[in-house]
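Coordinates from target_9.json are shown below (JSON, C-alpha atoms).
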[["chain", "number", "residue", "atom", "x", "y", "z"],
["A", 226, "MET", "CA", 0.00, 0.00, 0.00],
["A", 227, "SER", "CA", 1.46, 3.34, -1.09],
["A", 228, "THR", "CA", 1.43, 6.38, 1.18],
["A", 229, "GLN", "CA", 0.34, 9.85, 0.16],
["A", 230, "ASP", "CA", 4.00, 10.89, -0.06],
["A", 231, "ASP", "CA", 4.66, 8.06, -2.50],
["A", 232, "LEU", "CA", 1.93, 9.24, -4.86],
["A", 233, "PHE", "CA", 1.95, 13.02, -4.62],
["A", 234, "HIS", "CA", 4.34, 15.89, -4.23],
["A", 235, "PRO", "CA", 3.87, 17.75, -0.92],
["A", 236, "VAL", "CA", 0.27, 18.97, -0.68],
["A", 237, "ILE", "CA", -0.02, 22.76, -0.75],
["A", 238, "GLU", "CA", -2.82, 24.71, 0.88],
["A", 239, "LEU", "CA", -4.04, 27.57, -1.28],
["A", 240, "PRO", "CA", -4.05, 30.48, -1.33],
["A", 241, "GLU", "CA", -0.36, 30.92, -0.61],
["A", 242, "PRO", "CA", 1.99, 33.73, -1.70],
["A", 243, "VAL", "CA", 4.04, 31.99, -4.40],
["A", 244, "ARG", "CA", 1.11, 30.66, -6.39],
["A", 245, "ARG", "CA", -0.95, 33.77, -5.75],
["A", 246, "ALA", "CA", 1.79, 35.83, -7.39],
["A", 247, "ARG", "CA", 2.02, 33.28, -10.21],
["A", 248, "PHE", "CA", -1.73, 33.55, -10.84],
["A", 249, "ASP", "CA", -1.58, 37.35, -10.86],
["A", 250, "ARG", "CA", 1.31, 37.34, -13.35],
["A", 251, "LEU", "CA", -0.75, 35.36, -15.85],
["A", 252, "VAL", "CA", -2.12, 38.48, -17.50],
["A", 253, "GLY", "CA", -4.09, 38.37, -20.73],
["A", 254, "LEU", "CA", -6.02, 35.30, -19.58],
["A", 255, "ASP", "CA", -8.94, 37.10, -17.95],
["A", 256, "ALA", "CA", -11.64, 35.28, -19.95],
["A", 257, "THR", "CA", -10.05, 31.89, -19.23],
["A", 258, "LYS", "CA", -9.70, 32.70, -15.53],
["A", 259, "ALA", "CA", -13.32, 33.82, -15.27],
["A", 260, "ARG", "CA", -14.68, 30.72, -16.99],
["A", 261, "LEU", "CA", -12.41, 28.46, -14.93],
["A", 262, "ARG", "CA", -13.59, 30.06, -11.67],
["A", 263, "LYS", "CA", -17.23, 29.50, -12.61],
["A", 264, "GLU", "CA", -16.78, 25.93, -13.86],
["A", 265, "ALA", "CA", -14.72, 24.93, -10.83],
["A", 266, "ALA", "CA", -17.16, 26.48, -8.35],
["A", 267, "LEU", "CA", -20.16, 24.69, -9.90],
["A", 268, "LEU", "CA", -18.43, 21.31, -9.82],
["A", 269, "THR", "CA", -17.01, 21.55, -6.31],
["A", 270, "ALA", "CA", -19.87, 23.41, -4.62],
["A", 271, "PRO", "CA", -23.07, 22.30, -6.43],
["A", 272, "GLN", "CA", -25.17, 23.79, -3.62],
["A", 273, "ARG", "CA", -24.44, 27.18, -5.17],
["A", 274, "LEU", "CA", -26.03, 26.06, -8.41],
["A", 275, "GLN", "CA", -29.14, 24.96, -6.53],
["A", 276, "ALA", "CA", -29.28, 28.31, -4.73],
["A", 277, "TRP", "CA", -29.04, 30.11, -8.08],
["A", 278, "ALA", "CA", -31.93, 28.03, -9.46],
["A", 279, "ARG", "CA", -34.13, 28.78, -6.44],
["A", 280, "LYS", "CA", -33.44, 32.50, -6.84],
["A", 281, "PHE", "CA", -33.90, 32.91, -10.58],
["A", 282, "HIS", "CA", -36.10, 29.94, -11.53],
["A", 283, "PRO", "CA", -38.40, 29.34, -8.55],
["A", 284, "GLY", "CA", -41.42, 27.09, -8.58],
["A", 285, "GLY", "CA", -40.18, 24.09, -10.54],
["A", 286, "THR", "CA", -37.56, 21.45, -11.09],
["A", 287, "ILE", "CA", -34.73, 22.51, -13.41],
["A", 288, "SER", "CA", -33.68, 19.47, -15.41],
["A", 289, "ALA", "CA", -30.45, 21.09, -16.55],
["A", 290, "LEU", "CA", -29.10, 21.10, -13.00],
["A", 291, "GLN", "CA", -28.74, 17.34, -13.04],
["A", 292, "LEU", "CA", -26.90, 17.49, -16.35],
["A", 293, "LEU", "CA", -24.38, 19.89, -14.84],
["A", 294, "THR", "CA", -23.88, 18.06, -11.57],
["A", 295, "ASP", "CA", -23.53, 14.66, -13.27],
["A", 296, "ARG", "CA", -20.41, 15.76, -15.13],
["A", 297, "ALA", "CA", -17.03, 14.33, -14.25],
["A", 298, "PRO", "CA", -14.91, 16.79, -12.24],
["A", 299, "LEU", "CA", -12.24, 16.82, -14.95],
["A", 300, "PHE", "CA", -10.65, 19.69, -16.86],
["A", 301, "VAL", "CA", -8.18, 19.43, -19.73],
["A", 302, "PHE", "CA", -5.66, 22.25, -20.22],
["A", 303, "ALA", "CA", -4.30, 21.92, -23.76],
["A", 304, "GLY", "CA", -2.02, 24.06, -25.85],
["A", 305, "ASP", "CA", 1.44, 25.08, -26.95],
["A", 306, "VAL", "CA", 4.50, 25.05, -24.70],
["A", 307, "GLY", "CA", 5.03, 28.15, -22.59],
["A", 308, "SER", "CA", 1.39, 29.22, -22.82],
["A", 309, "GLY", "CA", 0.67, 29.14, -19.08],
["A", 310, "LYS", "CA", -1.17, 25.81, -18.74],
["A", 311, "SER", "CA", 0.76, 24.36, -15.84],
["A", 312, "ALA", "CA", 1.16, 27.70, -14.09],
["A", 313, "LEU", "CA", -2.58, 28.29, -14.16],
["A", 314, "ALA", "CA", -3.38, 24.70, -13.19],
["A", 315, "GLU", "CA", -1.28, 25.04, -10.05],
["A", 316, "SER", "CA", -2.46, 28.54, -9.14],
["A", 317, "PHE", "CA", -6.15, 28.91, -10.04],
["A", 318, "GLY", "CA", -6.94, 27.32, -6.68],
["A", 319, "CYS", "CA", -5.99, 30.65, -5.10],
["A", 320, "ASP", "CA", -8.77, 32.36, -7.05],
["A", 321, "LEU", "CA", -11.19, 29.51, -6.33],
["A", 322, "ALA", "CA", -10.38, 29.75, -2.63],
["A", 323, "ASP", "CA", -11.33, 33.44, -2.73],
["A", 324, "ALA", "CA", -14.54, 32.75, -4.67],
["A", 325, "LEU", "CA", -15.69, 30.00, -2.28],
["A", 326, "ASP", "CA", -14.06, 31.44, 0.87],
["A", 327, "LEU", "CA", -12.56, 28.00, 1.51],
["A", 328, "PRO", "CA", -9.07, 26.48, 1.55],
["A", 329, "VAL", "CA", -8.06, 24.61, -1.60],
["A", 330, "TYR", "CA", -5.58, 21.75, -1.32],
["A", 331, "LEU", "CA", -3.31, 21.25, -4.32],
["A", 332, "TYR", "CA", -2.22, 17.68, -5.08],
["A", 333, "ARG", "CA", 0.35, 17.09, -7.84],
["A", 334, "LEU", "CA", 0.75, 13.54, -9.09],
["A", 335, "LYS", "CA", 4.31, 12.23, -9.04],
["A", 336, "LEU", "CA", 5.80, 10.51, -12.07],
["A", 337, "THR", "CA", 6.46, 7.52, -9.83],
["A", 338, "ALA", "CA", 2.70, 7.06, -9.52],
["A", 339, "ARG", "CA", 2.80, 5.93, -13.15],
["A", 340, "GLY", "CA", 4.71, 2.83, -12.11],
["A", 341, "SER", "CA", 7.81, 1.11, -13.43],
["A", 342, "GLY", "CA", 6.08, -1.14, -15.96],
["A", 343, "LEU", "CA", 5.34, -4.11, -13.74],
["A", 344, "VAL", "CA", 2.06, -5.83, -14.52],
["A", 345, "GLY", "CA", -0.76, -4.31, -12.50],
["A", 346, "GLU", "CA", 1.46, -1.69, -10.85],
["A", 347, "MET", "CA", 0.07, 1.43, -12.56],
["A", 348, "THR", "CA", -3.50, 0.26, -12.03],
["A", 349, "SER", "CA", -2.81, -0.24, -8.33],
["A", 350, "LEU", "CA", -1.01, 3.09, -7.91],
["A", 351, "LEU", "CA", -3.69, 5.12, -9.67],
["A", 352, "GLY", "CA", -6.40, 3.33, -7.73],
["A", 353, "GLU", "CA", -4.64, 4.28, -4.50],
["A", 354, "ALA", "CA", -4.19, 7.88, -5.68],
["A", 355, "PHE", "CA", -7.90, 8.28, -6.35],
["A", 356, "ALA", "CA", -8.71, 6.61, -3.03],
["A", 357, "HIS", "CA", -6.65, 9.30, -1.28],
["A", 358, "LEU", "CA", -8.48, 12.03, -3.20],
["A", 359, "ARG", "CA", -11.93, 10.59, -2.48],
["A", 360, "ASP", "CA", -11.07, 10.26, 1.19],
["A", 361, "ALA", "CA", -9.87, 13.87, 1.43],
["A", 362, "ALA", "CA", -12.91, 15.17, -0.47],
["A", 363, "SER", "CA", -15.34, 13.04, 1.56],
["A", 364, "ARG", "CA", -14.02, 14.50, 4.82],
["A", 365, "ALA", "CA", -14.63, 17.99, 3.41],
["A", 366, "SER", "CA", -18.17, 17.28, 2.19],
["A", 367, "THR", "CA", -21.19, 18.31, 4.30],
["A", 368, "THR", "CA", -24.91, 18.68, 3.60],
["A", 369, "ILE", "CA", -24.63, 22.47, 3.59],
["A", 370, "GLY", "CA", -21.53, 22.63, 1.40],
["A", 371, "PRO", "CA", -17.82, 21.83, 1.32],
["A", 372, "THR", "CA", -15.35, 22.86, 3.99],
["A", 373, "SER", "CA", -12.43, 22.67, 1.54],
["A", 374, "VAL", "CA", -11.67, 21.71, -2.08],
["A", 375, "THR", "CA", -9.15, 19.19, -3.41],
["A", 376, "VAL", "CA", -7.47, 19.83, -6.78],
["A", 377, "LEU", "CA", -5.33, 17.19, -8.51],
["A", 378, "VAL", "CA", -2.95, 18.38, -11.23],
["A", 379, "VAL", "CA", -1.41, 15.92, -13.69],
["A", 380, "ASP", "CA", 1.29, 17.52, -15.84],
["A", 381, "GLU", "CA", 2.35, 15.96, -19.16],
["A", 382, "ALA", "CA", -0.89, 14.01, -19.00],
["A", 383, "ASP", "CA", -0.38, 12.47, -22.45],
["A", 384, "ALA", "CA", 2.28, 10.25, -20.86],
["A", 385, "LEU", "CA", -0.35, 8.87, -18.48],
["A", 386, "VAL", "CA", -3.57, 8.71, -20.48],
["A", 387, "GLN", "CA", -2.34, 8.30, -24.05],
["A", 388, "SER", "CA", -4.93, 7.00, -26.48],
["A", 389, "ARG", "CA", -5.43, 3.25, -26.21],
["A", 390, "GLU", "CA", -5.74, 3.23, -30.01],
["A", 391, "ALA", "CA", -1.96, 3.77, -30.33],
["A", 392, "ARG", "CA", -0.42, 0.67, -31.92],
["A", 393, "GLN", "CA", 2.78, 0.79, -29.88],
["A", 394, "MET", "CA", 0.99, 1.14, -26.57],
["A", 395, "HIS", "CA", 1.99, -1.37, -23.91],
["A", 396, "HIS", "CA", -0.69, -3.43, -22.17],
["A", 397, "GLU", "CA", 0.23, -1.92, -18.80],
["A", 398, "ASP", "CA", -0.26, 1.60, -20.21],
["A", 399, "ARG", "CA", -3.71, 0.64, -21.49],
["A", 400, "ALA", "CA", -4.55, -0.68, -18.04],
["A", 401, "GLY", "CA", -3.37, 2.63, -16.57],
["A", 402, "VAL", "CA", -5.79, 4.57, -18.78],
["A", 403, "ASP", "CA", -8.58, 2.25, -17.67],
["A", 404, "ALA", "CA", -7.63, 2.86, -14.04],
["A", 405, "PHE", "CA", -7.63, 6.63, -14.50],
["A", 406, "LEU", "CA", -11.03, 6.51, -16.17],
["A", 407, "ALA", "CA", -12.37, 4.36, -13.35],
["A", 408, "GLY", "CA", -11.06, 6.88, -10.84],
["A", 409, "ILE", "CA", -12.70, 9.80, -12.62],
["A", 410, "ASP", "CA", -15.95, 7.87, -13.02],
["A", 411, "SER", "CA", -15.97, 7.18, -9.29],
["A", 412, "LEU", "CA", -16.11, 10.94, -8.68],
["A", 413, "ALA", "CA", -18.66, 11.92, -11.35],
["A", 414, "GLY", "CA", -22.02, 12.95, -9.97],
["A", 415, "THR", "CA", -20.96, 12.57, -6.34],
["A", 416, "GLY", "CA", -20.89, 16.28, -5.59],
["A", 417, "LEU", "CA", -17.62, 15.80, -3.75],
["A", 418, "PRO", "CA", -15.40, 18.92, -3.68],
["A", 419, "VAL", "CA", -12.65, 17.57, -5.89],
["A", 420, "LEU", "CA", -11.26, 18.42, -9.34],
["A", 421, "ALA", "CA", -8.69, 16.79, -11.62],
["A", 422, "VAL", "CA", -6.77, 18.88, -14.16],
["A", 423, "LEU", "CA", -4.81, 17.29, -17.01],
["A", 424, "CYS", "CA", -2.18, 19.46, -18.72],
["A", 425, "THR", "CA", -0.83, 18.48, -22.13],
["A", 426, "ASN", "CA", 0.97, 19.80, -25.19],
["A", 427, "ARG", "CA", -0.40, 16.85, -27.19],
["A", 428, "VAL", "CA", -4.15, 16.96, -26.77],
["A", 429, "ASN", "CA", -4.68, 14.75, -29.82],
["A", 430, "ALA", "CA", -2.70, 12.03, -28.08],
["A", 431, "LEU", "CA", -5.12, 11.81, -25.14],
["A", 432, "ASP", "CA", -7.49, 8.88, -25.06],
["A", 433, "PRO", "CA", -10.87, 9.86, -26.59],
["A", 434, "ALA", "CA", -12.66, 8.57, -23.49],
["A", 435, "ILE", "CA", -10.77, 11.14, -21.43],
["A", 436, "MET", "CA", -11.87, 13.94, -23.73],
["A", 437, "ARG", "CA", -15.50, 12.76, -23.65],
["A", 438, "ARG", "CA", -15.51, 12.84, -19.87],
["A", 439, "ALA", "CA", -13.93, 16.27, -19.48],
["A", 440, "ALA", "CA", -16.37, 18.80, -18.10],
["A", 441, "ALA", "CA", -14.39, 21.52, -19.86],
["A", 442, "THR", "CA", -11.37, 21.81, -22.13],
["A", 443, "PHE", "CA", -9.34, 25.01, -21.95],
["A", 444, "THR", "CA", -7.18, 25.72, -24.99],
["A", 445, "PHE", "CA", -4.07, 27.87, -24.54],
["A", 446, "THR", "CA", -2.47, 29.67, -27.47],
["A", 447, "ARG", "CA", 0.40, 32.10, -27.93],
["A", 448, "PRO", "CA", -0.60, 35.59, -26.82],
["A", 449, "ASP", "CA", -2.02, 37.95, -29.43],
["A", 450, "ALA", "CA", -0.96, 41.60, -29.67],
["A", 451, "GLU", "CA", -3.32, 42.75, -26.93],
["A", 452, "GLN", "CA", -2.18, 39.99, -24.59],
["A", 453, "ARG", "CA", 1.50, 40.63, -25.33],
["A", 454, "LEU", "CA", 0.97, 44.28, -24.51],
["A", 455, "ALA", "CA", -0.64, 43.37, -21.18],
["A", 456, "ILE", "CA", 2.21, 41.00, -20.29],
["A", 457, "LEU", "CA", 4.91, 43.48, -21.27],
["A", 458, "ARG", "CA", 3.25, 46.41, -19.52],
["A", 459, "ALA", "CA", 2.95, 44.44, -16.28],
["A", 460, "SER", "CA", 6.46, 42.97, -16.49],
["A", 461, "LEU", "CA", 8.23, 46.22, -17.40],
["A", 462, "HIS", "CA", 6.43, 48.45, -14.92],
["A", 463, "GLY", "CA", 8.85, 50.71, -13.04],
["A", 464, "PHE", "CA", 11.61, 50.83, -15.65],
["A", 465, "GLY", "CA", 10.49, 54.23, -17.01],
["A", 466, "LEU", "CA", 10.51, 53.14, -20.64],
["A", 467, "ARG", "CA", 9.11, 55.26, -23.44],
["A", 468, "ALA", "CA", 5.51, 54.61, -24.44],
["A", 469, "ASP", "CA", 6.49, 53.80, -28.03],
["A", 470, "THR", "CA", 8.91, 51.13, -26.79],
["A", 471, "LEU", "CA", 6.01, 48.95, -25.67],
["A", 472, "THR", "CA", 4.38, 49.35, -29.07],
["A", 473, "LYS", "CA", 7.58, 48.32, -30.83],
["A", 474, "LEU", "CA", 8.08, 45.38, -28.47],
["A", 475, "VAL", "CA", 4.60, 44.09, -29.26],
["A", 476, "GLU", "CA", 5.46, 44.18, -32.96],
["A", 477, "LEU", "CA", 8.88, 42.56, -32.52],
["A", 478, "THR", "CA", 7.51, 39.70, -30.43],
["A", 479, "GLY", "CA", 4.62, 38.90, -32.77],
["A", 480, "PRO", "CA", 4.59, 36.25, -35.49],
["A", 481, "THR", "CA", 6.29, 36.86, -38.81],
["A", 482, "GLY", "CA", 6.33, 34.90, -42.01],
["A", 483, "SER", "CA", 9.42, 32.99, -40.92],
["A", 484, "ARG", "CA", 8.81, 32.35, -37.22],
["A", 485, "PRO", "CA", 6.02, 32.12, -34.61],
["A", 486, "GLY", "CA", 5.23, 34.78, -32.06],
["A", 487, "PHE", "CA", 6.65, 34.73, -28.55],
["A", 488, "THR", "CA", 5.00, 32.56, -25.92],
["A", 489, "SER", "CA", 3.95, 34.05, -22.59],
["A", 490, "SER", "CA", 6.93, 32.29, -21.06],
["A", 491, "ASP", "CA", 9.27, 33.75, -23.68],
["A", 492, "LEU", "CA", 8.19, 37.23, -22.64],
["A", 493, "ALA", "CA", 8.07, 36.85, -18.87],
["A", 494, "HIS", "CA", 10.82, 34.28, -18.30],
["A", 495, "ARG", "CA", 13.29, 34.93, -21.10],
["A", 496, "LEU", "CA", 13.07, 38.44, -22.58],
["A", 497, "ILE", "CA", 12.60, 40.47, -19.39],
["A", 498, "PRO", "CA", 15.12, 38.54, -17.24],
["A", 499, "THR", "CA", 17.68, 38.70, -20.07],
["A", 500, "ALA", "CA", 17.23, 42.47, -20.26],
["A", 501, "VAL", "CA", 17.72, 42.87, -16.51],
["A", 502, "ILE", "CA", 20.80, 40.64, -16.46],
["A", 503, "ALA", "CA", 22.31, 42.54, -19.40],
["A", 504, "ALA", "CA", 21.87, 45.87, -17.59],
["A", 505, "PHE", "CA", 23.01, 44.70, -14.15],
["A", 506, "PRO", "CA", 25.11, 46.02, -12.42],
["A", 507, "ASP", "CA", 26.39, 48.86, -14.56],
["A", 508, "GLY", "CA", 23.23, 50.72, -15.60],
["A", 509, "PRO", "CA", 19.47, 50.78, -16.05],
["A", 510, "VAL", "CA", 17.38, 48.79, -18.47],
["A", 511, "ASN", "CA", 17.07, 51.08, -21.47],
["A", 512, "ASP", "CA", 14.77, 51.17, -24.45],
["A", 513, "GLU", "CA", 17.28, 50.55, -27.22],
["A", 514, "GLU", "CA", 18.93, 47.52, -25.61],
["A", 515, "LEU", "CA", 15.54, 46.01, -24.81],
["A", 516, "LEU", "CA", 14.40, 46.42, -28.40],
["A", 517, "THR", "CA", 17.63, 44.88, -29.65],
["A", 518, "LEU", "CA", 17.20, 41.88, -27.36],
["A", 519, "ALA", "CA", 13.61, 41.41, -28.55],
["A", 520, "SER", "CA", 14.72, 41.43, -32.18],
["A", 521, "GLU", "CA", 17.51, 38.90, -31.55],
["A", 522, "LEU", "CA", 15.76, 36.48, -29.18],
["A", 523, "ILE", "CA", 14.41, 33.40, -30.93],
["A", 524, "PRO", "CA", 10.96, 32.37, -29.67],
["A", 525, "THR", "CA", 10.25, 28.84, -28.50],
["A", 526, "PRO", "CA", 9.49, 26.63, -31.53],
["A", 527, "VAL", "CA", 5.90, 25.51, -31.95],
["A", 528, "PHE", "CA", 5.33, 22.07, -30.48],
["A", 529, "ALA", "CA", 4.39, 19.80, -33.35],
["A", 530, "GLU", "CA", 2.13, 16.88, -32.44],
["A", 531, "GLN", "CA", 3.10, 13.59, -33.99],
["A", 532, "PRO", "CA", 0.47, 12.20, -36.38]]

So that I can check it, write out the structure of this file as structure tokens.
Amino acid sequence: MSTQDDLFHPVIELPEPVRRARFDRLVGLDATKARLRKEAALLTAPQRLQAWARKFHPGGTISALQLLTDRAPLFVFAGDVGSGKSALAESFGCDLADALDLPVYLYRLKLTARGSGLVGEMTSLLGEAFAHLRDAASRASTTIGPTSVTVLVVDEADALVQSREARQMHHEDRAGVDAFLAGIDSLAGTGLPVLAVLCTNRVNALDPAIMRRAAATFTFTRPDAEQRLAILRASLHGFGLRADTLTKLVELTGPTGSRPGFTSSDLAHRLIPTAVIAAFPDGPVNDEELLTLASELIPTPVFAEQP
């Protein structure tokens, strides 16, 4: 029998400062954040949906409520590398905690929970992982609403729940997908305050049964001009740069005929830190050097899914 420490990285109670700051830095994703907050709240605190129905649709049974509450508590975060999937998956619990006024406990599945290839090992490990999640969520479930929310994040999910239609797929991997599906199915319709989030760069590689069960799929793309401006404005605040520098940076970091545009990570984790390091310790970050760096920096290549 595996312990919680064997299956998950250390559990983190949200909100906490590091992930709160990470969530706030994910600018340009306001629509995604708003939809995620609403979807997550409805799945983990279905009593709020019932209260809404009583307020706005009194006097009858609303059939659609059952359709919503029967969904599996599963989200898929899909998109290009560096687009903020994993960062949002691990930090949106801070926003959800604010919305529900409850603590959110972040569980991150370890790679070791995928087993070493022994027959039956992955099935056993995933079964134990979901048993831990159900137990935690059950303790937090009351008739008047949850006392906390449990969020499981699985990064590089295509390595865990790859399509069973793949010819080269090992029998043990197929059994692992079955075990994951069984775990998700055991949570669907229970009203327990628990969510699972799968992050992947290869959404087409996920098993179709996973995609059918997902309550919502969030697609992440490279930032457009408006989003790049928001990221750059927030990241460069305090440097005293000229207004036209931001405009030029947005143009330089956009897509051209020969290369893709910058990812959010390229802007926040490569361009800005490189500019600061280049200036330190002899002088300030200045407009011309920043523009030169932006024109020379090569953006992260687009992740190409294998057919």

Show me a table, sorted first by chain and then by increasing residue number, of the residues of region 386-494 of chain A having an atom at most 8 Å from region 303-323 of chain A, each with its shortest atom pair and the distance in Å to one decimal, counting all atoms listed in the file and written as a tab-separated table.
residue	atom	partner	partner_atom	distance
A:Val422	CA	A:Ala314	CA	6.8
A:Cys424	CA	A:Ala303	CA	6.0
A:Thr425	CA	A:Ala303	CA	5.2
A:Asn426	CA	A:Gly304	CA	5.2
A:Arg427	CA	A:Ala303	CA	7.3
A:Val428	CA	A:Ala303	CA	5.8
A:Thr442	CA	A:Ala303	CA	7.3
A:Phe443	CA	A:Ala303	CA	6.2
A:Thr444	CA	A:Ala303	CA	4.9
A:Phe445	CA	A:Gly304	CA	4.5
A:Thr446	CA	A:Gly304	CA	5.9
A:Arg447	CA	A:Ser308	CA	5.9
A:Pro448	CA	A:Ser308	CA	7.8
A:Thr488	CA	A:Gly307	CA	5.5
A:Ser489	CA	A:Ser308	CA	5.5
A:Ser490	CA	A:Gly307	CA	4.8
A:Asp491	CA	A:Gly307	CA	7.1

**Message:** Show me, as number ranges by chain, the residues that have an atom within 12 Å of Ser366 (chain A) when counting only C-alpha atoms, minus same-chain residues fewer than 3 positions from it.
**Reply:** A: 269-272, 359-363, 369-375, 415-419

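Among the candidates A:Ser520, A:Thr499, A:Thr481, A:Ser227, the residue lying nearest to Thr337 (chain A) is A:Ser227 (atoms considered: only C-alpha atoms).
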
**Prompt:** Which residues come within 12 Å of Gln452 (chain A), counting only C-alpha atoms, excluding same-chain residues fewer than 3 positions away, as a ChimeraX atom specification?
**Reply:** /A:251-256,308,446-449,455-459,475,478-479,486-489,492

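The shell of residues at most 9 Å from Leu293 (chain A), with all atoms listed in the file counted and near chain neighbours (fewer than 4 positions) removed, consists of Leu267, Leu268, Pro271, Ala289, Gly414 and Ala440 of chain A.
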
Next, the residues of the selection above should be written as a compact mmCIF listing (two decimals), keeping the file's coordinate frame with C-alpha atoms.
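Once everything was written out, this is part-v3.txt:
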# COMPACT_ATOMS: atom_id res chain seq x y z
CA LEU A 267 -20.16 24.69 -9.90
CA LEU A 268 -18.43 21.31 -9.82
CA PRO A 271 -23.07 22.30 -6.43
CA ALA A 289 -30.45 21.09 -16.55
CA GLY A 414 -22.02 12.95 -9.97
CA ALA A 440 -16.37 18.80 -18.10

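The spacing separating CA of Gly352 (chain A) from CA of His234 (chain A) amounts to 16.9 Å.
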
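In this structure, CA of His357 (chain A) sits 25.5 Å away from CA of Arg245 (chain A).
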
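Pairwise distance (CA of Ala434 (chain A), CA of Phe233 (chain A)) equals 24.3 Å.
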
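Nearest to Arg484 (chain A) of all the residues A:Thr368, A:Thr348, A:Thr525, A:Thr517 is A:Thr525, counting all atoms listed in the file.
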
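Selecting by distance to (-5.5, 3.1, -26.2) with a limit of 12 Å and using only C-alpha atoms, one obtains Asp383, Ala384, Leu385, Val386, Gln387, Ser388, Arg389, Glu390, Ala391, Arg392, Gln393, Met394, His395, His396, Glu397, Asp398, Arg399, Ala400, Gly401, Val402, Asp403, Leu406, Ala430, Leu431, Asp432, Pro433, Ala434 and Ile435 of chain A.
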